[in-house]
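Data from my_file-v9.txt: compact mmCIF, C-alpha atoms
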# COMPACT_ATOMS: atom_id res chain seq x y z
CA MET A 4 189.49 145.57 52.46
CA SER A 5 186.88 146.17 49.74
CA GLY A 6 187.57 149.22 47.55
CA ALA A 7 187.04 152.80 48.67
CA VAL A 8 187.28 153.70 52.35
CA LEU A 9 185.38 156.74 53.64
CA ASN A 10 185.56 158.60 56.96
CA PHE A 11 182.92 160.27 59.07
CA LEU A 12 183.33 162.45 62.16
CA PHE A 13 181.27 161.92 65.32
CA ILE A 14 181.22 164.70 67.94
CA GLY A 15 180.28 164.15 71.61
CA ASP A 16 177.68 166.06 73.65
CA VAL A 17 177.80 169.80 72.93
CA VAL A 18 177.46 171.92 76.10
CA GLY A 19 176.34 175.54 75.94
CA LYS A 20 177.44 178.45 73.78
CA GLY A 21 181.14 177.69 74.18
CA GLY A 22 180.48 174.20 72.85
CA ARG A 23 178.46 175.55 69.92
CA ASN A 24 181.23 177.99 69.03
CA ALA A 25 183.84 175.24 69.19
CA VAL A 26 181.83 173.06 66.81
CA ARG A 27 181.26 175.97 64.46
CA ASP A 28 184.93 176.94 64.32
CA LEU A 29 186.79 173.65 64.75
CA VAL A 30 184.72 171.13 62.81
CA PRO A 31 185.42 172.56 59.33
CA GLU A 32 189.15 172.21 60.01
CA LEU A 33 188.71 168.72 61.45
CA LYS A 34 186.79 167.71 58.34
CA ARG A 35 189.77 168.74 56.23
CA GLU A 36 192.36 167.21 58.55
CA PHE A 37 190.70 163.81 58.74
CA HIS A 38 189.04 163.81 55.30
CA CYS A 39 185.55 163.55 56.79
CA PRO A 40 182.82 164.79 54.44
CA PHE A 41 180.08 163.70 56.87
CA VAL A 42 179.65 164.90 60.48
CA ILE A 43 177.32 163.69 63.24
CA VAL A 44 176.96 165.87 66.36
CA ASN A 45 175.17 165.03 69.59
CA ALA A 46 173.61 168.40 70.40
CA GLU A 47 171.31 167.67 73.32
CA ASN A 48 173.01 170.05 75.79
CA CYS A 49 173.73 172.89 73.38
CA ALA A 50 171.04 175.30 74.68
CA ASN A 51 172.50 176.65 77.94
CA GLY A 52 173.51 173.12 78.93
CA SER A 53 170.02 171.58 78.76
CA GLY A 54 168.22 170.66 75.56
CA MET A 55 168.23 172.23 72.12
CA THR A 56 166.65 175.01 70.13
CA ALA A 57 166.45 175.50 66.39
CA ALA A 58 168.50 178.70 66.71
CA CYS A 59 171.29 176.88 68.57
CA LEU A 60 171.41 174.13 65.96
CA ARG A 61 171.66 176.69 63.15
CA GLU A 62 174.88 177.95 64.73
CA MET A 63 176.37 174.50 64.07
CA SER A 64 175.40 174.23 60.42
CA CYS A 65 178.67 172.41 59.68
CA ALA A 66 176.99 169.26 61.06
CA ASP A 67 175.16 166.96 58.67
CA VAL A 68 173.14 165.25 61.40
CA PHE A 69 172.23 166.04 65.00
CA THR A 70 171.46 163.34 67.57
CA SER A 71 169.99 163.85 71.02
CA GLY A 72 169.12 162.09 74.28
CA ASP A 73 167.36 162.44 77.62
CA HIS A 74 167.35 166.26 77.48
CA THR A 75 165.59 166.41 74.11
CA TRP A 76 162.51 168.22 75.46
CA ASP A 77 164.16 170.47 78.07
CA GLN A 78 163.55 173.60 75.99
CA LYS A 79 159.82 174.31 75.75
CA THR A 80 159.94 175.55 72.18
CA PHE A 81 161.62 172.44 70.82
CA GLU A 82 158.48 170.29 70.74
CA SER A 83 157.20 172.42 67.88
CA GLU A 84 160.58 173.32 66.36
CA ILE A 85 161.72 169.72 65.86
CA ARG A 86 159.15 169.22 63.10
CA ASP A 87 161.06 171.65 60.89
CA ILE A 88 164.56 170.24 61.51
CA PRO A 89 165.05 167.50 58.91
CA ASN A 90 168.56 166.53 60.00
CA LEU A 91 167.85 165.78 63.68
CA VAL A 92 167.03 162.37 65.13
CA ARG A 93 165.70 162.04 68.69
CA PRO A 94 165.83 158.71 70.55
CA ALA A 95 164.01 156.11 68.47
CA ASN A 96 162.82 154.32 71.60
CA PHE A 97 160.77 157.31 72.77
CA SER A 98 157.02 156.93 72.44
CA ASN A 99 155.80 157.07 68.85
CA LEU A 100 153.40 159.80 70.02
CA GLN A 101 156.35 162.18 70.51
CA PRO A 102 157.26 164.45 67.59
CA GLY A 103 160.32 163.86 65.45
CA VAL A 104 161.93 160.71 64.11
CA GLY A 105 164.39 158.31 65.72
CA TRP A 106 166.37 157.38 62.63
CA LYS A 107 166.86 158.53 59.09
CA ARG A 108 168.99 157.93 56.01
CA PHE A 109 171.22 160.75 54.79
CA ARG A 110 173.25 161.17 51.63
CA ASN A 111 177.00 161.14 52.15
CA PRO A 112 178.61 163.71 49.82
CA ALA A 113 181.50 161.27 49.31
CA GLY A 114 179.21 158.45 48.20
CA GLY A 115 176.34 156.26 49.36
CA GLU A 116 174.05 156.82 52.30
CA ILE A 117 174.47 156.84 56.06
CA ALA A 118 171.62 155.73 58.31
CA VAL A 119 171.80 157.41 61.71
CA ILE A 120 169.90 155.95 64.68
CA SER A 121 169.51 157.66 68.06
CA LEU A 122 168.80 155.47 71.10
CA LEU A 123 168.34 156.13 74.82
CA GLY A 124 169.57 153.67 77.43
CA LYS A 125 167.39 152.43 80.29
CA VAL A 126 169.86 151.54 83.07
CA PHE A 127 170.21 154.36 85.66
CA MET A 128 168.26 156.71 83.37
CA LYS A 129 165.29 158.69 84.68
CA GLU A 130 163.50 159.00 81.36
CA SER A 131 160.98 156.38 80.30
CA ALA A 132 161.97 154.72 77.05
CA TYR A 133 161.30 151.43 75.30
CA CYS A 134 163.98 148.74 75.14
CA PRO A 135 166.90 150.05 73.02
CA PHE A 136 167.94 146.50 72.08
CA GLU A 137 164.59 145.55 70.55
CA THR A 138 164.28 148.99 68.96
CA ALA A 139 167.70 148.68 67.33
CA GLU A 140 166.94 145.20 65.98
CA THR A 141 163.66 146.39 64.49
CA ILE A 142 165.17 149.46 62.81
CA VAL A 143 168.21 147.67 61.37
CA LYS A 144 165.85 145.24 59.62
CA GLN A 145 163.97 148.17 58.08
CA ILE A 146 167.04 149.82 56.53
CA PRO A 147 167.38 148.99 52.82
CA VAL A 148 170.35 146.79 51.94
CA SER A 149 171.51 149.54 49.59
CA CYS A 150 172.37 151.66 52.64
CA LYS A 151 175.58 150.05 53.83
CA CYS A 152 176.65 152.49 56.56
CA ILE A 153 174.60 152.41 59.77
CA VAL A 154 175.63 154.51 62.79
CA ILE A 155 174.06 154.29 66.24
CA ASP A 156 174.36 156.91 68.97
CA ILE A 157 173.53 155.11 72.23
CA HIS A 158 172.90 157.81 74.83
CA ALA A 159 173.24 155.88 78.06
CA GLU A 160 174.66 155.94 81.57
CA ALA A 161 175.79 152.32 81.97
CA THR A 162 178.94 151.27 80.14
CA SER A 163 177.73 147.67 80.21
CA GLU A 164 174.53 148.59 78.37
CA LYS A 165 176.48 150.35 75.64
CA ALA A 166 178.93 147.47 75.23
CA ALA A 167 176.17 144.86 75.18
CA LEU A 168 174.35 146.75 72.43
CA ALA A 169 177.54 146.98 70.37
CA TRP A 170 178.25 143.27 70.70
CA MET A 171 174.66 142.38 69.80
CA LEU A 172 174.99 144.42 66.61
CA ALA A 173 178.58 143.43 65.76
CA GLY A 174 178.78 142.81 62.04
CA LYS A 175 175.32 144.32 61.45
CA VAL A 176 176.08 148.05 61.74
CA THR A 177 179.08 150.26 60.98
CA ALA A 178 179.43 151.92 64.38
CA VAL A 179 177.95 152.03 67.87
CA ILE A 180 179.16 155.15 69.68
CA GLY A 181 178.12 156.09 73.20
CA THR A 182 177.24 159.53 74.52
CA HIS A 183 175.81 161.06 77.72
CA THR A 184 178.59 160.75 80.34
CA HIS A 185 180.66 163.62 78.84
CA VAL A 186 183.85 161.62 79.54
CA GLN A 187 185.74 160.19 76.56
CA THR A 188 186.65 156.55 77.17
CA ASN A 189 189.84 154.75 76.19
CA ASP A 190 188.33 151.66 74.58
CA ALA A 191 187.88 152.48 70.89
CA ARG A 192 188.08 149.32 68.79
CA VAL A 193 186.59 147.55 65.79
CA LEU A 194 184.59 144.51 66.86
CA PRO A 195 184.55 141.27 64.84
CA GLY A 196 182.41 141.71 61.75
CA GLY A 197 183.43 145.34 61.24
CA THR A 198 181.55 147.38 63.86
CA ALA A 199 183.42 150.33 65.39
CA PHE A 200 182.71 150.85 69.09
CA LEU A 201 183.50 153.56 71.63
CA THR A 202 181.80 153.56 75.03
CA ASP A 203 181.64 157.35 75.16
CA ALA A 204 182.76 160.00 72.68
CA GLY A 205 183.11 162.68 75.38
CA MET A 206 181.82 166.24 75.16
CA VAL A 207 182.35 169.67 73.67
CA GLY A 208 182.60 171.65 76.87
CA ALA A 209 184.91 173.32 79.36
CA GLN A 210 187.95 171.27 80.27
CA ASP A 211 188.16 172.86 83.73
CA SER A 212 184.62 171.98 84.77
CA VAL A 213 182.48 169.13 86.04
CA LEU A 214 180.91 167.75 82.86
CA GLY A 215 180.68 171.27 81.44
CA ARG A 216 179.30 172.93 84.58
CA GLU A 217 180.95 175.40 86.98
CA ILE A 218 183.09 173.45 89.45
CA ASP A 219 182.17 175.31 92.66
CA ALA A 220 178.44 174.93 92.08
CA VAL A 221 178.68 171.19 91.45
CA VAL A 222 180.91 170.64 94.50
CA ARG A 223 178.45 172.62 96.63
CA LYS A 224 175.55 170.48 95.42
CA PHE A 225 177.38 167.27 96.29
CA ARG A 226 178.59 168.53 99.69
CA THR A 227 175.26 169.95 100.87
CA GLY A 228 172.70 167.82 99.04
CA MET A 229 170.70 171.01 98.50
CA PRO A 230 169.15 172.20 95.22
CA GLN A 231 171.74 174.20 93.33
CA ARG A 232 171.78 176.01 90.02
CA LEU A 233 174.62 174.59 87.89
CA PRO A 234 175.82 177.28 85.47
CA VAL A 235 177.52 176.21 82.26
CA CYS A 236 181.25 176.94 82.16
CA GLU A 237 182.04 178.66 78.86
CA LYS A 238 185.86 178.94 79.02
CA ASN A 239 188.74 176.73 77.88
CA ILE A 240 186.58 174.47 75.71
CA ARG A 241 187.67 170.99 74.66
CA LEU A 242 186.08 169.22 71.70
CA ASP A 243 185.90 165.42 71.90
CA GLY A 244 184.83 162.97 69.23
CA ALA A 245 185.93 160.15 66.98
CA VAL A 246 186.78 159.50 63.35
CA VAL A 247 185.43 156.26 61.90
CA SER A 248 186.74 154.75 58.65
CA TYR A 249 184.53 152.31 56.77
CA GLU A 250 184.32 150.51 53.46
CA LEU A 251 181.91 152.19 51.05
CA ALA A 252 180.94 148.91 49.39
CA THR A 253 180.23 146.93 52.56
CA GLY A 254 179.72 149.42 55.38
CA ARG A 255 182.25 147.52 57.49
CA ALA A 256 184.33 149.70 59.81
CA VAL A 257 188.08 149.34 59.44
CA ALA A 258 189.23 151.87 62.07
CA ILE A 259 188.07 154.22 64.80
CA LYS A 260 190.23 157.02 66.20
CA PRO A 261 189.17 159.14 69.22
CA ILE A 262 190.13 162.81 68.91
CA SER A 263 190.26 165.82 71.24
CA ARG A 264 191.01 169.45 70.40
CA MET A 265 191.25 172.53 72.60
CA TYR A 266 189.36 175.64 71.56
CA ASN A 267 191.07 178.93 72.24
CA GLY A 268 188.66 181.34 73.93
CA GLU A 269 190.06 184.15 71.79
CA GLU A 270 188.32 182.52 68.86
CA LEU A 271 184.86 183.05 70.41
CA LYS A 272 182.69 185.24 68.22

Here is a file; write its structure as structure tokens.
Amino acid sequence: MSGAVLNFLFIGDVVGKGGRNAVRDLVPELKREFHCPFVIVNAENCANGSGMTAACLREMSCADVFTSGDHTWDQKTFESEIRDIPNLVRPANFSNLQPGVGWKRFRNPAGGEIAVISLLGKVFMKESAYCPFETAETIVKQIPVSCKCIVIDIHAEATSEKAALAWMLAGKVTAVIGTHTHVQTNDARVLPGGTAFLTDAGMVGAQDSVLGREIDAVVRKFRTGMPQRLPVCEKNIRLDGAVVSYELATGRAVAIKPISRMYNGEELK
């Protein structure tokens, strides 16, 4: 191990107001508990379960960086709002004609910089996006060698696509963490070369739900095959994420620890 080891906190897909409140109230305590001065939050479902708004992101000001995914443009206002949100990265493999940026370097209060890259998978995904593998290779080459810590949020459906990306980048980036399925996986590990990997970080949403949505509505949609509004469930919120430890001097990950915390509804404000 080379010198100082730093931690950062990665939070899975935030769903609705309950998810926003949980991030707002739990993340400051998690930062203290796990000694994480830097926090990355996937926020793409934070506005009533679909997309983002600037107002919703402001409620989670404890986050240093927001990542997104296939629901980036679900809220009509966000196309113009994103231009004024300097700490949000949308999928880098979207068309270059779309507003926003797909990666950016951020200062870590504990030392050094962290480059955060957002990518969208292609397998089983409806959205049109360029190849995440080629996009990742191109971006990693553009990051200055002085920036040792590189974190990728791969927002994808297929577990194989996420794992393949992580193995391709093993030893070249600090962490590859998956989002999108809202189900935390049990495969956290550090790959050879010092790249932390987790297929999916999970979500910040109702534990007694179907991926953050009301159970009865989702069951009805599956049983009937008919169009069905799927309200967000805002009770009994569980926050999922992971803590990654890495060497400041090299950017090599030395540990990754998945975490989950329940959020007491009485804390809602």

Requested in this report: Would you mind listing what lies within 12 Å of range 212-223 of chain A as a PyMOL selection string, with only C-alpha atoms counted and same-chain residues fewer than 2 positions away left out?
Outcome: chain A and resi 15-22+48-49+51-53+183-187+205-210+225-242

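Across A:Ala57, A:Ala159, A:Ala178, A:Ala132, the tightest approach to Pro89 in chain A is made by A:Ala57 when counting only C-alpha atoms.
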
Requested in this report: Considering only C-alpha atoms, return as number ranges by chain whatever protein or nucleic-acid residues lie within 12 Å of range 32-39 of chain A, sequence-local ones (same chain, fewer than 2 positions apart) excluded.
Outcome: A: 8-14, 25-30, 41-43, 65-67, 111-114, 242-249, 259-264

Export of the given selection (C-alpha atoms) as a compact mmCIF listing (two decimals), keeping the file's coordinate frame:
# COMPACT_ATOMS: atom_id res chain seq x y z
CA VAL A 8 187.28 153.70 52.35
CA LEU A 9 185.38 156.74 53.64
CA ASN A 10 185.56 158.60 56.96
CA PHE A 11 182.92 160.27 59.07
CA LEU A 12 183.33 162.45 62.16
CA PHE A 13 181.27 161.92 65.32
CA ILE A 14 181.22 164.70 67.94
CA ALA A 25 183.84 175.24 69.19
CA VAL A 26 181.83 173.06 66.81
CA ARG A 27 181.26 175.97 64.46
CA ASP A 28 184.93 176.94 64.32
CA LEU A 29 186.79 173.65 64.75
CA VAL A 30 184.72 171.13 62.81
CA PHE A 41 180.08 163.70 56.87
CA VAL A 42 179.65 164.90 60.48
CA ILE A 43 177.32 163.69 63.24
CA CYS A 65 178.67 172.41 59.68
CA ALA A 66 176.99 169.26 61.06
CA ASP A 67 175.16 166.96 58.67
CA ASN A 111 177.00 161.14 52.15
CA PRO A 112 178.61 163.71 49.82
CA ALA A 113 181.50 161.27 49.31
CA GLY A 114 179.21 158.45 48.20
CA LEU A 242 186.08 169.22 71.70
CA ASP A 243 185.90 165.42 71.90
CA GLY A 244 184.83 162.97 69.23
CA ALA A 245 185.93 160.15 66.98
CA VAL A 246 186.78 159.50 63.35
CA VAL A 247 185.43 156.26 61.90
CA SER A 248 186.74 154.75 58.65
CA TYR A 249 184.53 152.31 56.77
CA ILE A 259 188.07 154.22 64.80
CA LYS A 260 190.23 157.02 66.20
CA PRO A 261 189.17 159.14 69.22
CA ILE A 262 190.13 162.81 68.91
CA SER A 263 190.26 165.82 71.24
CA ARG A 264 191.01 169.45 70.40

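For the pair CA of Ser83 in chain A and CA of Ala95 in chain A, the separation is 17.7 Å.
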
Query - Residues within 6 Å of range 166-175 of chain A, all atoms listed in the file, excluding chain neighbours under 4 positions, as a PyMOL selection string - result: chain A and resi 179+196-198

Keeping C-alpha atoms, export the residues of the selection given above as a PDB file, in the coordinates of the input.
ATOM      1  CA  VAL A 179     177.950 152.030  67.870  1.00  0.00           C
ATOM      2  CA  GLY A 196     182.410 141.710  61.750  1.00  0.00           C
ATOM      3  CA  GLY A 197     183.430 145.340  61.240  1.00  0.00           C
ATOM      4  CA  THR A 198     181.550 147.380  63.860  1.00  0.00           C
TER       5      THR A 198
END
